[in-house]
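Here is the file run23.pdb (PDB, N, CA and C atoms and all ligand atoms).
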ATOM      1  N   MET J   1      95.883  46.415-110.184
ATOM      2  CA  MET J   1      94.854  47.350-109.700
ATOM      3  C   MET J   1      93.878  47.644-110.840
ATOM      4  N   GLU J   2      92.618  47.563-110.526
ATOM      5  CA  GLU J   2      91.619  47.710-111.572
ATOM      6  C   GLU J   2      90.716  48.904-111.245
ATOM      7  N   LYS J   3      90.386  49.665-112.273
ATOM      8  CA  LYS J   3      89.498  50.809-112.053
ATOM      9  C   LYS J   3      88.081  50.373-112.431
ATOM     10  N   VAL J   4      87.169  50.474-111.490
ATOM     11  CA  VAL J   4      85.825  49.955-111.693
ATOM     12  C   VAL J   4      84.800  51.084-111.616
ATOM     13  N   LYS J   5      83.905  51.115-112.592
ATOM     14  CA  LYS J   5      82.816  52.100-112.558
ATOM     15  C   LYS J   5      81.837  51.675-111.466
ATOM     16  N   VAL J   6      81.541  52.549-110.539
ATOM     17  CA  VAL J   6      80.798  52.150-109.346
ATOM     18  C   VAL J   6      79.351  52.637-109.362
ATOM     19  N   LEU J   7      79.181  53.902-109.591
ATOM     20  CA  LEU J   7      77.815  54.417-109.634
ATOM     21  C   LEU J   7      77.779  55.777-110.311
ATOM     22  N   LYS J   8      76.559  56.174-110.658
ATOM     23  CA  LYS J   8      76.363  57.516-111.205
ATOM     24  C   LYS J   8      76.436  58.510-110.062
ATOM     25  N   LEU J   9      77.115  59.610-110.286
ATOM     26  CA  LEU J   9      77.241  60.603-109.218
ATOM     27  C   LEU J   9      75.886  61.116-108.763
ATOM     28  N   SER J  10      74.899  61.102-109.666
ATOM     29  CA  SER J  10      73.570  61.567-109.292
ATOM     30  C   SER J  10      72.905  60.633-108.276
ATOM     31  N   GLU J  11      73.469  59.413-108.103
ATOM     32  CA  GLU J  11      72.889  58.462-107.145
ATOM     33  C   GLU J  11      73.343  58.726-105.715
ATOM     34  N   ILE J  12      74.368  59.555-105.556
ATOM     35  CA  ILE J  12      74.842  59.822-104.196
ATOM     36  C   ILE J  12      74.893  61.334-103.985
ATOM     37  N   THR J  13      73.837  61.825-103.413
ATOM     38  CA  THR J  13      73.708  63.274-103.242
ATOM     39  C   THR J  13      74.569  63.736-102.070
ATOM     40  N   GLU J  14      74.737  65.042-101.989
ATOM     41  CA  GLU J  14      75.636  65.606-100.990
ATOM     42  C   GLU J  14      75.220  65.185 -99.575
ATOM     43  N   ASN J  15      76.219  64.800 -98.784
ATOM     44  CA  ASN J  15      76.043  64.395 -97.389
ATOM     45  C   ASN J  15      75.119  63.188 -97.220
ATOM     46  N   THR J  16      75.300  62.234 -98.123
ATOM     47  CA  THR J  16      74.662  60.925 -97.973
ATOM     48  C   THR J  16      75.752  59.863 -98.160
ATOM     49  N   SER J  17      75.385  58.622 -97.870
ATOM     50  CA  SER J  17      76.316  57.516 -98.082
ATOM     51  C   SER J  17      75.584  56.382 -98.769
ATOM     52  N   LYS J  18      76.364  55.467 -99.318
ATOM     53  CA  LYS J  18      75.758  54.376-100.072
ATOM     54  C   LYS J  18      76.647  53.152 -99.961
ATOM     55  N   LEU J  19      76.030  52.003 -99.850
ATOM     56  CA  LEU J  19      76.757  50.739 -99.836
ATOM     57  C   LEU J  19      76.805  50.190-101.256
ATOM     58  N   VAL J  20      78.008  49.864-101.734
ATOM     59  CA  VAL J  20      78.125  49.242-103.050
ATOM     60  C   VAL J  20      78.893  47.928-102.899
ATOM     61  N   GLU J  21      78.695  47.025-103.834
ATOM     62  CA  GLU J  21      79.428  45.758-103.802
ATOM     63  C   GLU J  21      80.208  45.598-105.081
ATOM     64  N   ILE J  22      81.511  45.374-104.939
ATOM     65  CA  ILE J  22      82.391  45.185-106.092
ATOM     66  C   ILE J  22      83.229  43.944-105.827
ATOM     67  N   GLU J  23      83.121  42.979-106.721
ATOM     68  CA  GLU J  23      83.946  41.766-106.599
ATOM     69  C   GLU J  23      83.917  41.211-105.177
ATOM     70  N   ASP J  24      82.734  41.037-104.619
ATOM     71  CA  ASP J  24      82.539  40.483-103.275
ATOM     72  C   ASP J  24      82.993  41.407-102.150
ATOM     73  N   LYS J  25      83.471  42.582-102.474
ATOM     74  CA  LYS J  25      83.826  43.530-101.408
ATOM     75  C   LYS J  25      82.641  44.441-101.169
ATOM     76  N   LYS J  26      82.352  44.682 -99.890
ATOM     77  CA  LYS J  26      81.331  45.676 -99.551
ATOM     78  C   LYS J  26      82.044  46.980 -99.257
ATOM     79  N   ILE J  27      81.687  48.016 -99.987
ATOM     80  CA  ILE J  27      82.382  49.296 -99.873
ATOM     81  C   ILE J  27      81.365  50.395 -99.564
ATOM     82  N   ALA J  28      81.704  51.205 -98.575
ATOM     83  CA  ALA J  28      80.847  52.333 -98.204
ATOM     84  C   ALA J  28      81.363  53.574 -98.911
ATOM     85  N   VAL J  29      80.476  54.221 -99.663
ATOM     86  CA  VAL J  29      80.835  55.444-100.393
ATOM     87  C   VAL J  29      80.140  56.618 -99.709
ATOM     88  N   PHE J  30      80.895  57.673 -99.467
ATOM     89  CA  PHE J  30      80.357  58.844 -98.765
ATOM     90  C   PHE J  30      80.540  60.084 -99.636
ATOM     91  N   ASN J  31      79.531  60.912 -99.656
ATOM     92  CA  ASN J  31      79.643  62.235-100.264
ATOM     93  C   ASN J  31      79.603  63.250 -99.122
ATOM     94  N   VAL J  32      80.754  63.862 -98.851
ATOM     95  CA  VAL J  32      80.836  64.838 -97.761
ATOM     96  C   VAL J  32      81.057  66.214 -98.388
ATOM     97  N   ASP J  33      80.027  67.009 -98.395
ATOM     98  CA  ASP J  33      80.097  68.357 -98.981
ATOM     99  C   ASP J  33      80.654  68.326-100.404
ATOM    100  N   GLY J  34      80.286  67.297-101.158
ATOM    101  CA  GLY J  34      80.709  67.225-102.554
ATOM    102  C   GLY J  34      81.983  66.427-102.784
ATOM    103  N   GLU J  35      82.707  66.094-101.702
ATOM    104  CA  GLU J  35      83.899  65.249-101.839
ATOM    105  C   GLU J  35      83.488  63.790-101.653
ATOM    106  N   ILE J  36      84.024  62.917-102.506
ATOM    107  CA  ILE J  36      83.653  61.504-102.437
ATOM    108  C   ILE J  36      84.771  60.696-101.776
ATOM    109  N   TYR J  37      84.394  59.852-100.824
ATOM    110  CA  TYR J  37      85.336  58.962-100.142
ATOM    111  C   TYR J  37      84.790  57.548-100.186
ATOM    112  N   ALA J  38      85.691  56.573-100.156
ATOM    113  CA  ALA J  38      85.259  55.174-100.180
ATOM    114  C   ALA J  38      86.146  54.358 -99.257
ATOM    115  N   ILE J  39      85.528  53.627 -98.345
ATOM    116  CA  ILE J  39      86.260  52.738 -97.428
ATOM    117  C   ILE J  39      85.486  51.433 -97.320
ATOM    118  N   ASP J  40      86.169  50.393 -96.804
ATOM    119  CA  ASP J  40      85.466  49.134 -96.578
ATOM    120  C   ASP J  40      84.254  49.372 -95.685
ATOM    121  N   ASP J  41      83.164  48.689 -96.023
ATOM    122  CA  ASP J  41      81.932  48.937 -95.278
ATOM    123  C   ASP J  41      81.924  48.277 -93.907
ATOM    124  N   THR J  42      82.610  47.140 -93.793
ATOM    125  CA  THR J  42      82.530  46.393 -92.529
ATOM    126  C   THR J  42      83.542  46.941 -91.535
ATOM    127  N   CYS J  43      83.061  47.320 -90.383
ATOM    128  CA  CYS J  43      83.898  47.850 -89.308
ATOM    129  C   CYS J  43      84.979  46.833 -88.954
ATOM    130  N   SER J  44      86.184  47.328 -88.607
ATOM    131  CA  SER J  44      87.277  46.409 -88.267
ATOM    132  C   SER J  44      87.116  45.828 -86.863
ATOM    133  N   HIS J  45      86.142  46.300 -86.106
ATOM    134  CA  HIS J  45      85.932  45.790 -84.750
ATOM    135  C   HIS J  45      84.988  44.600 -84.730
ATOM    136  N   ALA J  46      83.867  44.706 -85.410
ATOM    137  CA  ALA J  46      82.905  43.603 -85.489
ATOM    138  C   ALA J  46      82.094  43.805 -86.762
ATOM    139  N   GLU J  47      80.974  43.117 -86.853
ATOM    140  CA  GLU J  47      80.215  43.132 -88.110
ATOM    141  C   GLU J  47      79.193  44.264 -88.135
ATOM    142  N   ALA J  48      79.648  45.462 -88.326
ATOM    143  CA  ALA J  48      78.704  46.574 -88.480
ATOM    144  C   ALA J  48      78.968  47.257 -89.804
ATOM    145  N   SER J  49      77.939  47.885 -90.341
ATOM    146  CA  SER J  49      78.028  48.518 -91.649
ATOM    147  C   SER J  49      78.325  50.006 -91.496
ATOM    148  N   LEU J  50      79.525  50.409 -91.913
ATOM    149  CA  LEU J  50      79.912  51.809 -91.720
ATOM    150  C   LEU J  50      79.110  52.765 -92.601
ATOM    151  N   SER J  51      78.524  52.249 -93.682
ATOM    152  CA  SER J  51      77.702  53.136 -94.524
ATOM    153  C   SER J  51      76.460  53.602 -93.774
ATOM    154  N   GLU J  52      76.151  52.942 -92.643
ATOM    155  CA  GLU J  52      75.000  53.365 -91.836
ATOM    156  C   GLU J  52      75.420  54.284 -90.691
ATOM    157  N   GLY J  53      76.703  54.614 -90.631
ATOM    158  CA  GLY J  53      77.189  55.443 -89.532
ATOM    159  C   GLY J  53      76.965  56.916 -89.772
ATOM    160  N   GLU J  54      77.132  57.667 -88.691
ATOM    161  CA  GLU J  54      76.977  59.114 -88.771
ATOM    162  C   GLU J  54      78.308  59.744 -89.183
ATOM    163  N   VAL J  55      78.245  60.745 -90.035
ATOM    164  CA  VAL J  55      79.464  61.371 -90.551
ATOM    165  C   VAL J  55      79.597  62.778 -89.988
ATOM    166  N   PHE J  56      80.814  63.112 -89.541
ATOM    167  CA  PHE J  56      81.106  64.479 -89.107
ATOM    168  C   PHE J  56      82.610  64.685 -89.208
ATOM    169  N   ASP J  57      83.039  65.865 -89.572
ATOM    170  CA  ASP J  57      84.468  66.215 -89.669
ATOM    171  C   ASP J  57      85.278  65.184 -90.447
ATOM    172  N   CYS J  58      84.723  64.671 -91.529
ATOM    173  CA  CYS J  58      85.429  63.693 -92.357
ATOM    174  C   CYS J  58      85.731  62.388 -91.616
ATOM    175  N   LEU J  59      84.934  62.102 -90.597
ATOM    176  CA  LEU J  59      85.016  60.831 -89.880
ATOM    177  C   LEU J  59      83.654  60.156 -89.978
ATOM    178  N   VAL J  60      83.652  58.816 -89.915
ATOM    179  CA  VAL J  60      82.371  58.121 -89.781
ATOM    180  C   VAL J  60      82.384  57.381 -88.450
ATOM    181  N   GLU J  61      81.263  57.455 -87.756
ATOM    182  CA  GLU J  61      81.134  56.794 -86.464
ATOM    183  C   GLU J  61      80.403  55.473 -86.660
ATOM    184  N   CYS J  62      81.035  54.376 -86.248
ATOM    185  CA  CYS J  62      80.405  53.060 -86.390
ATOM    186  C   CYS J  62      79.070  53.046 -85.643
ATOM    187  N   PRO J  63      78.010  52.573 -86.298
ATOM    188  CA  PRO J  63      76.695  52.599 -85.649
ATOM    189  C   PRO J  63      76.555  51.614 -84.488
ATOM    190  N   LEU J  64      77.497  50.655 -84.368
ATOM    191  CA  LEU J  64      77.326  49.638 -83.321
ATOM    192  C   LEU J  64      77.963  50.035 -81.992
ATOM    193  N   HIS J  65      79.282  50.330 -82.002
ATOM    194  CA  HIS J  65      79.950  50.669 -80.737
ATOM    195  C   HIS J  65      80.628  52.030 -80.761
ATOM    196  N   GLY J  66      80.478  52.750 -81.874
ATOM    197  CA  GLY J  66      80.915  54.151 -81.875
ATOM    198  C   GLY J  66      82.364  54.429 -82.234
ATOM    199  N   ALA J  67      83.123  53.443 -82.680
ATOM    200  CA  ALA J  67      84.493  53.747 -83.127
ATOM    201  C   ALA J  67      84.424  54.704 -84.319
ATOM    202  N   GLU J  68      85.427  55.574 -84.418
ATOM    203  CA  GLU J  68      85.438  56.542 -85.515
ATOM    204  C   GLU J  68      86.577  56.227 -86.481
ATOM    205  N   PHE J  69      86.271  56.323 -87.769
ATOM    206  CA  PHE J  69      87.260  56.058 -88.820
ATOM    207  C   PHE J  69      87.408  57.291 -89.697
ATOM    208  N   ASP J  70      88.663  57.543 -90.087
ATOM    209  CA  ASP J  70      88.956  58.643 -91.005
ATOM    210  C   ASP J  70      88.510  58.238 -92.408
ATOM    211  N   LEU J  71      87.658  59.032 -93.020
ATOM    212  CA  LEU J  71      87.146  58.679 -94.353
ATOM    213  C   LEU J  71      88.234  58.769 -95.418
ATOM    214  N   LYS J  72      89.274  59.573 -95.184
ATOM    215  CA  LYS J  72      90.321  59.726 -96.202
ATOM    216  C   LYS J  72      91.293  58.550 -96.185
ATOM    217  N   THR J  73      91.574  58.031 -94.998
ATOM    218  CA  THR J  73      92.641  57.022 -94.885
ATOM    219  C   THR J  73      92.140  55.663 -94.399
ATOM    220  N   GLY J  74      90.970  55.612 -93.800
ATOM    221  CA  GLY J  74      90.480  54.377 -93.203
ATOM    222  C   GLY J  74      91.016  54.137 -91.800
ATOM    223  N   GLU J  75      91.834  55.057 -91.310
ATOM    224  CA  GLU J  75      92.449  54.883 -89.994
ATOM    225  C   GLU J  75      91.403  54.872 -88.876
ATOM    226  N   ALA J  76      91.584  53.951 -87.918
ATOM    227  CA  ALA J  76      90.700  53.926 -86.749
ATOM    228  C   ALA J  76      91.157  55.015 -85.794
ATOM    229  N   LYS J  77      90.286  55.959 -85.505
ATOM    230  CA  LYS J  77      90.673  57.109 -84.681
ATOM    231  C   LYS J  77      90.326  56.928 -83.216
ATOM    232  N   THR J  78      89.297  56.119 -82.940
ATOM    233  CA  THR J  78      88.901  55.928 -81.542
ATOM    234  C   THR J  78      88.564  54.466 -81.288
ATOM    235  N   LEU J  79      88.691  54.073 -80.023
ATOM    236  CA  LEU J  79      88.309  52.731 -79.598
ATOM    237  C   LEU J  79      86.794  52.577 -79.713
ATOM    238  N   PRO J  80      86.265  51.364 -79.787
ATOM    239  CA  PRO J  80      86.981  50.102 -79.588
ATOM    240  C   PRO J  80      87.702  49.569 -80.817
ATOM    241  N   ALA J  81      87.642  50.219 -81.958
ATOM    242  CA  ALA J  81      88.380  49.704 -83.111
ATOM    243  C   ALA J  81      89.848  50.097 -82.991
ATOM    244  N   THR J  82      90.733  49.182 -83.329
ATOM    245  CA  THR J  82      92.169  49.480 -83.300
ATOM    246  C   THR J  82      92.804  49.290 -84.670
ATOM    247  N   GLN J  83      92.133  48.570 -85.549
ATOM    248  CA  GLN J  83      92.665  48.313 -86.889
ATOM    249  C   GLN J  83      91.982  49.220 -87.905
ATOM    250  N   PRO J  84      92.729  49.643 -88.909
ATOM    251  CA  PRO J  84      92.102  50.467 -89.954
ATOM    252  C   PRO J  84      91.193  49.637 -90.843
ATOM    253  N   VAL J  85      90.381  50.309 -91.637
ATOM    254  CA  VAL J  85      89.675  49.651 -92.738
ATOM    255  C   VAL J  85      90.343  50.141 -94.030
ATOM    256  N   VAL J  86      90.175  49.374 -95.100
ATOM    257  CA  VAL J  86      90.805  49.745 -96.369
ATOM    258  C   VAL J  86      90.120  50.995 -96.927
ATOM    259  N   SER J  87      90.916  51.922 -97.417
ATOM    260  CA  SER J  87      90.334  53.067 -98.126
ATOM    261  C   SER J  87      90.663  52.904 -99.612
ATOM    262  N   TYR J  88      89.787  53.399-100.447
ATOM    263  CA  TYR J  88      89.929  53.214-101.894
ATOM    264  C   TYR J  88      90.122  54.554-102.571
ATOM    265  N   LYS J  89      90.989  54.527-103.605
ATOM    266  CA  LYS J  89      91.227  55.739-104.389
ATOM    267  C   LYS J  89      90.009  55.973-105.279
ATOM    268  N   THR J  90      89.518  57.182-105.264
ATOM    269  CA  THR J  90      88.332  57.499-106.062
ATOM    270  C   THR J  90      88.729  58.307-107.294
ATOM    271  N   ASP J  91      87.938  58.194-108.324
ATOM    272  CA  ASP J  91      88.155  58.952-109.551
ATOM    273  C   ASP J  91      86.772  59.304-110.098
ATOM    274  N   LEU J  92      86.616  60.513-110.552
ATOM    275  CA  LEU J  92      85.314  60.959-111.031
ATOM    276  C   LEU J  92      85.436  61.481-112.446
ATOM    277  N   ASP J  93      84.416  61.255-113.253
ATOM    278  CA  ASP J  93      84.301  62.068-114.460
ATOM    279  C   ASP J  93      83.003  62.859-114.316
ATOM    280  N   ASP J  94      82.488  63.376-115.395
ATOM    281  CA  ASP J  94      81.308  64.233-115.270
ATOM    282  C   ASP J  94      80.112  63.484-114.717
ATOM    283  N   GLU J  95      80.082  62.184-114.941
ATOM    284  CA  GLU J  95      78.869  61.431-114.650
ATOM    285  C   GLU J  95      79.041  60.297-113.637
ATOM    286  N   TYR J  96      80.239  59.701-113.592
ATOM    287  CA  TYR J  96      80.396  58.466-112.824
ATOM    288  C   TYR J  96      81.514  58.553-111.794
ATOM    289  N   LEU J  97      81.375  57.711-110.765
ATOM    290  CA  LEU J  97      82.441  57.482-109.794
ATOM    291  C   LEU J  97      83.116  56.154-110.127
ATOM    292  N   TYR J  98      84.442  56.157-110.115
ATOM    293  CA  TYR J  98      85.231  54.949-110.307
ATOM    294  C   TYR J  98      86.053  54.717-109.042
ATOM    295  N   LEU J  99      86.289  53.450-108.710
ATOM    296  CA  LEU J  99      87.174  53.123-107.598
ATOM    297  C   LEU J  99      88.269  52.207-108.097
ATOM    298  N   GLU J 100      89.444  52.360-107.487
ATOM    299  CA  GLU J 100      90.534  51.422-107.804
ATOM    300  C   GLU J 100      90.482  50.296-106.795
ATOM    301  N   VAL J 101      90.204  49.116-107.296
ATOM    302  CA  VAL J 101      90.141  47.942-106.405
ATOM    303  C   VAL J 101      91.071  46.889-106.985
ATOM    304  N   GLY J 102      91.547  46.023-106.119
ATOM    305  CA  GLY J 102      92.438  44.973-106.590
ATOM    306  C   GLY J 102      93.069  44.286-105.405
ATOM    307  N   GLU J 103      94.018  43.427-105.694
ATOM    308  CA  GLU J 103      94.633  42.611-104.654
ATOM    309  C   GLU J 103      95.240  43.457-103.538
ATOM    310  N   ASP J 104      95.941  44.516-103.936
ATOM    311  CA  ASP J 104      96.616  45.296-102.906
ATOM    312  C   ASP J 104      95.846  46.554-102.522
ATOM    313  N   ALA J 105      94.547  46.606-102.862
ATOM    314  CA  ALA J 105      93.741  47.766-102.473
ATOM    315  C   ALA J 105      93.271  47.591-101.054
TER     316      ALA J 105
HETATM  317  S1  LIG D   1      81.420  47.061 -84.625
HETATM  318 FE1  LIG D   1      82.213  49.004 -85.075
HETATM  319  S2  LIG D   1      82.959  49.699 -83.175
HETATM  320 FE2  LIG D   1      82.221  47.716 -82.749
END

As structure tokens:
Amino acid sequence: MEKVKVLKLSEITENTSKLVEIEDKKIAVFNVDGEIYAIDDTCSHAEASLSEGEVFDCLVECPLHGAEFDLKTGEAKTLPATQPVVSYKTDLDDEYLYLEVGEDA
């Protein structure tokens, strides 16, 4: 498991999201009321970008067919998605966000 510096915290303001790419993985990073979450960007149902979805109650709604995923766990909460997306452990210092990525992430 590798800890990777992802972005400056100033780049992701409160209640916004951002798509980042690390080692060929597309990861959606969300700032929800100051809490940072990171999950795979590609919806487990089809090819939609979850970083473009609407966020509410710590869930993101897929912009294509509306499946909802838990930002903390990646769990698919509503159809049509049935499979989870990977969630990543986040770590912050005063200035940067780090994610743990690796084979078993
Ligand atoms: S692509 Fe996300 S719900 Fe269909």

Quick one: which residues end up in the PyMOL selection byres (((chain J and resi 41 and name CA) around 7) and not hetatm and name CA) for this structure, as a list in words? Lys26, Ile27, Ala28, Ile39, Asp40, Thr42, Cys43, Ser49, Leu50 and Ser51 of chain J

Evaluate the PyMOL selection byres (((not hetatm)) within 6 of (chain D and resi 1)) against this structure - the residues, as a list in words, please.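 When the PyMOL selection byres (((not hetatm)) within 6 of (chain D and resi 1)) is applied, the selected residues are Cys43, Ser44, His45, Ala46, Glu47, Ala48, Cys62, Pro63, Leu64, His65, Gly66, Ala67, Leu79, Pro80 and Ala81 of chain J.
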
Can you list, as a list of chain:residue names, the residues that the PyMOL selection byres (((chain J and resi 100) around 8) and not hetatm) selects here? J:Met1, J:Glu2, J:Lys3, J:Val4, J:Lys5, J:Ser87, J:Tyr88, J:Lys89, J:Thr90, J:Asp91, J:Leu97, J:Tyr98, J:Leu99, J:Val101, J:Gly102, J:Glu103, J:Asp104, J:Ala105

Just list the residues in range 5-80 of chain J DSSP gives strand (DSSP E or B) on the backbone, as a short mmCIF file (atom, residue, chain, number, x, y, z; two decimals) with N, CA and C atoms, keeping the file's coordinate frame.
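Written output follows (states.cif):
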data_model
loop_
_atom_site.label_atom_id
_atom_site.label_comp_id
_atom_site.auth_asym_id
_atom_site.auth_seq_id
_atom_site.Cartn_x
_atom_site.Cartn_y
_atom_site.Cartn_z
N LYS J 5 83.90 51.12 -112.59
CA LYS J 5 82.82 52.10 -112.56
C LYS J 5 81.84 51.68 -111.47
N VAL J 6 81.54 52.55 -110.54
CA VAL J 6 80.80 52.15 -109.35
C VAL J 6 79.35 52.64 -109.36
N LEU J 7 79.18 53.90 -109.59
CA LEU J 7 77.82 54.42 -109.63
C LEU J 7 77.78 55.78 -110.31
N LYS J 8 76.56 56.17 -110.66
CA LYS J 8 76.36 57.52 -111.20
C LYS J 8 76.44 58.51 -110.06
N THR J 16 75.30 62.23 -98.12
CA THR J 16 74.66 60.92 -97.97
C THR J 16 75.75 59.86 -98.16
N SER J 17 75.39 58.62 -97.87
CA SER J 17 76.32 57.52 -98.08
C SER J 17 75.58 56.38 -98.77
N LYS J 18 76.36 55.47 -99.32
CA LYS J 18 75.76 54.38 -100.07
C LYS J 18 76.65 53.15 -99.96
N LEU J 19 76.03 52.00 -99.85
CA LEU J 19 76.76 50.74 -99.84
C LEU J 19 76.81 50.19 -101.26
N VAL J 20 78.01 49.86 -101.73
CA VAL J 20 78.12 49.24 -103.05
C VAL J 20 78.89 47.93 -102.90
N GLU J 21 78.69 47.02 -103.83
CA GLU J 21 79.43 45.76 -103.80
C GLU J 21 80.21 45.60 -105.08
N ILE J 22 81.51 45.37 -104.94
CA ILE J 22 82.39 45.18 -106.09
C ILE J 22 83.23 43.94 -105.83
N LYS J 25 83.47 42.58 -102.47
CA LYS J 25 83.83 43.53 -101.41
C LYS J 25 82.64 44.44 -101.17
N LYS J 26 82.35 44.68 -99.89
CA LYS J 26 81.33 45.68 -99.55
C LYS J 26 82.04 46.98 -99.26
N ILE J 27 81.69 48.02 -99.99
CA ILE J 27 82.38 49.30 -99.87
C ILE J 27 81.36 50.40 -99.56
N ALA J 28 81.70 51.20 -98.58
CA ALA J 28 80.85 52.33 -98.20
C ALA J 28 81.36 53.57 -98.91
N VAL J 29 80.48 54.22 -99.66
CA VAL J 29 80.83 55.44 -100.39
C VAL J 29 80.14 56.62 -99.71
N PHE J 30 80.90 57.67 -99.47
CA PHE J 30 80.36 58.84 -98.76
C PHE J 30 80.54 60.08 -99.64
N ASN J 31 79.53 60.91 -99.66
CA ASN J 31 79.64 62.24 -100.26
C ASN J 31 79.60 63.25 -99.12
N VAL J 32 80.75 63.86 -98.85
CA VAL J 32 80.84 64.84 -97.76
C VAL J 32 81.06 66.21 -98.39
N GLU J 35 82.71 66.09 -101.70
CA GLU J 35 83.90 65.25 -101.84
C GLU J 35 83.49 63.79 -101.65
N ILE J 36 84.02 62.92 -102.51
CA ILE J 36 83.65 61.50 -102.44
C ILE J 36 84.77 60.70 -101.78
N TYR J 37 84.39 59.85 -100.82
CA TYR J 37 85.34 58.96 -100.14
C TYR J 37 84.79 57.55 -100.19
N ALA J 38 85.69 56.57 -100.16
CA ALA J 38 85.26 55.17 -100.18
C ALA J 38 86.15 54.36 -99.26
N ILE J 39 85.53 53.63 -98.34
CA ILE J 39 86.26 52.74 -97.43
C ILE J 39 85.49 51.43 -97.32
N ASP J 40 86.17 50.39 -96.80
CA ASP J 40 85.47 49.13 -96.58
C ASP J 40 84.25 49.37 -95.68
N THR J 42 82.61 47.14 -93.79
CA THR J 42 82.53 46.39 -92.53
C THR J 42 83.54 46.94 -91.54
N SER J 49 77.94 47.88 -90.34
CA SER J 49 78.03 48.52 -91.65
C SER J 49 78.32 50.01 -91.50
N GLU J 54 77.13 57.67 -88.69
CA GLU J 54 76.98 59.11 -88.77
C GLU J 54 78.31 59.74 -89.18
N VAL J 55 78.24 60.74 -90.04
CA VAL J 55 79.46 61.37 -90.55
C VAL J 55 79.60 62.78 -89.99
N PHE J 56 80.81 63.11 -89.54
CA PHE J 56 81.11 64.48 -89.11
C PHE J 56 82.61 64.68 -89.21
N LEU J 59 84.93 62.10 -90.60
CA LEU J 59 85.02 60.83 -89.88
C LEU J 59 83.65 60.16 -89.98
N VAL J 60 83.65 58.82 -89.92
CA VAL J 60 82.37 58.12 -89.78
C VAL J 60 82.38 57.38 -88.45
N GLU J 61 81.26 57.46 -87.76
CA GLU J 61 81.13 56.79 -86.46
C GLU J 61 80.40 55.47 -86.66
N GLU J 68 85.43 55.57 -84.42
CA GLU J 68 85.44 56.54 -85.52
C GLU J 68 86.58 56.23 -86.48
N PHE J 69 86.27 56.32 -87.77
CA PHE J 69 87.26 56.06 -88.82
C PHE J 69 87.41 57.29 -89.70
N ASP J 70 88.66 57.54 -90.09
CA ASP J 70 88.96 58.64 -91.00
C ASP J 70 88.51 58.24 -92.41
N ALA J 76 91.58 53.95 -87.92
CA ALA J 76 90.70 53.93 -86.75
C ALA J 76 91.16 55.02 -85.79
#

Interatomic distance (Å, one decimal) between atom C of Ser10 in chain J and CA of Glu75 in chain J: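 About the pair atom C of Ser10 in chain J and CA of Glu75 in chain J: they are 27.4 Å apart.
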
Rank J:Asp70, J:Phe30, J:Leu59, J:Thr82 by their smallest atom-to-atom distance to Glu11 in chain J, using only C-alpha atoms, and report the top residue only.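 Ranked by minimum distance to Glu11 in chain J, first place goes to J:Phe30.
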
Centre and edge lengths of an axis-aligned box around all listed atoms of range 21-40 of chain J, with 3 Å added on each side, are to be given in Å to one decimal, as AutoDock Vina command-line options.
--center_x 82.5 --center_y 54.4 --center_z -101.2 --size_x 13.6 --size_y 33.9 --size_z 17.0

Only N, CA and C atoms, as a PDB file, in the first residue's frame: that is what I want for range 60-71 of chain J.
ATOM      1  N   VAL J  60     -23.219   9.969  -3.146  1.00  0.00           N
ATOM      2  CA  VAL J  60     -23.146  10.634  -4.447  1.00  0.00           C
ATOM      3  C   VAL J  60     -24.093   9.906  -5.391  1.00  0.00           C
ATOM      4  N   GLU J  61     -24.821  10.687  -6.169  1.00  0.00           N
ATOM      5  CA  GLU J  61     -25.770  10.126  -7.121  1.00  0.00           C
ATOM      6  C   GLU J  61     -25.125  10.105  -8.501  1.00  0.00           C
ATOM      7  N   CYS J  62     -25.056   8.922  -9.107  1.00  0.00           N
ATOM      8  CA  CYS J  62     -24.458   8.807 -10.440  1.00  0.00           C
ATOM      9  C   CYS J  62     -25.212   9.706 -11.422  1.00  0.00           C
ATOM     10  N   PRO J  63     -24.483  10.504 -12.201  1.00  0.00           N
ATOM     11  CA  PRO J  63     -25.162  11.432 -13.112  1.00  0.00           C
ATOM     12  C   PRO J  63     -25.867  10.749 -14.284  1.00  0.00           C
ATOM     13  N   LEU J  64     -25.563   9.456 -14.525  1.00  0.00           N
ATOM     14  CA  LEU J  64     -26.153   8.811 -15.707  1.00  0.00           C
ATOM     15  C   LEU J  64     -27.498   8.148 -15.418  1.00  0.00           C
ATOM     16  N   HIS J  65     -27.531   7.217 -14.440  1.00  0.00           N
ATOM     17  CA  HIS J  65     -28.793   6.516 -14.160  1.00  0.00           C
ATOM     18  C   HIS J  65     -29.252   6.657 -12.717  1.00  0.00           C
ATOM     19  N   GLY J  66     -28.506   7.432 -11.928  1.00  0.00           N
ATOM     20  CA  GLY J  66     -29.014   7.785 -10.598  1.00  0.00           C
ATOM     21  C   GLY J  66     -28.712   6.829  -9.459  1.00  0.00           C
ATOM     22  N   ALA J  67     -27.885   5.817  -9.662  1.00  0.00           N
ATOM     23  CA  ALA J  67     -27.517   4.960  -8.523  1.00  0.00           C
ATOM     24  C   ALA J  67     -26.783   5.809  -7.483  1.00  0.00           C
ATOM     25  N   GLU J  68     -26.969   5.452  -6.213  1.00  0.00           N
ATOM     26  CA  GLU J  68     -26.323   6.217  -5.146  1.00  0.00           C
ATOM     27  C   GLU J  68     -25.252   5.368  -4.467  1.00  0.00           C
ATOM     28  N   PHE J  69     -24.115   5.998  -4.199  1.00  0.00           N
ATOM     29  CA  PHE J  69     -22.991   5.320  -3.542  1.00  0.00           C
ATOM     30  C   PHE J  69     -22.643   6.051  -2.256  1.00  0.00           C
ATOM     31  N   ASP J  70     -22.312   5.247  -1.238  1.00  0.00           N
ATOM     32  CA  ASP J  70     -21.867   5.801   0.040  1.00  0.00           C
ATOM     33  C   ASP J  70     -20.441   6.321  -0.125  1.00  0.00           C
ATOM     34  N   LEU J  71     -20.223   7.582   0.180  1.00  0.00           N
ATOM     35  CA  LEU J  71     -18.884   8.165  -0.002  1.00  0.00           C
ATOM     36  C   LEU J  71     -17.878   7.590   0.988  1.00  0.00           C
TER      37      LEU J  71
END
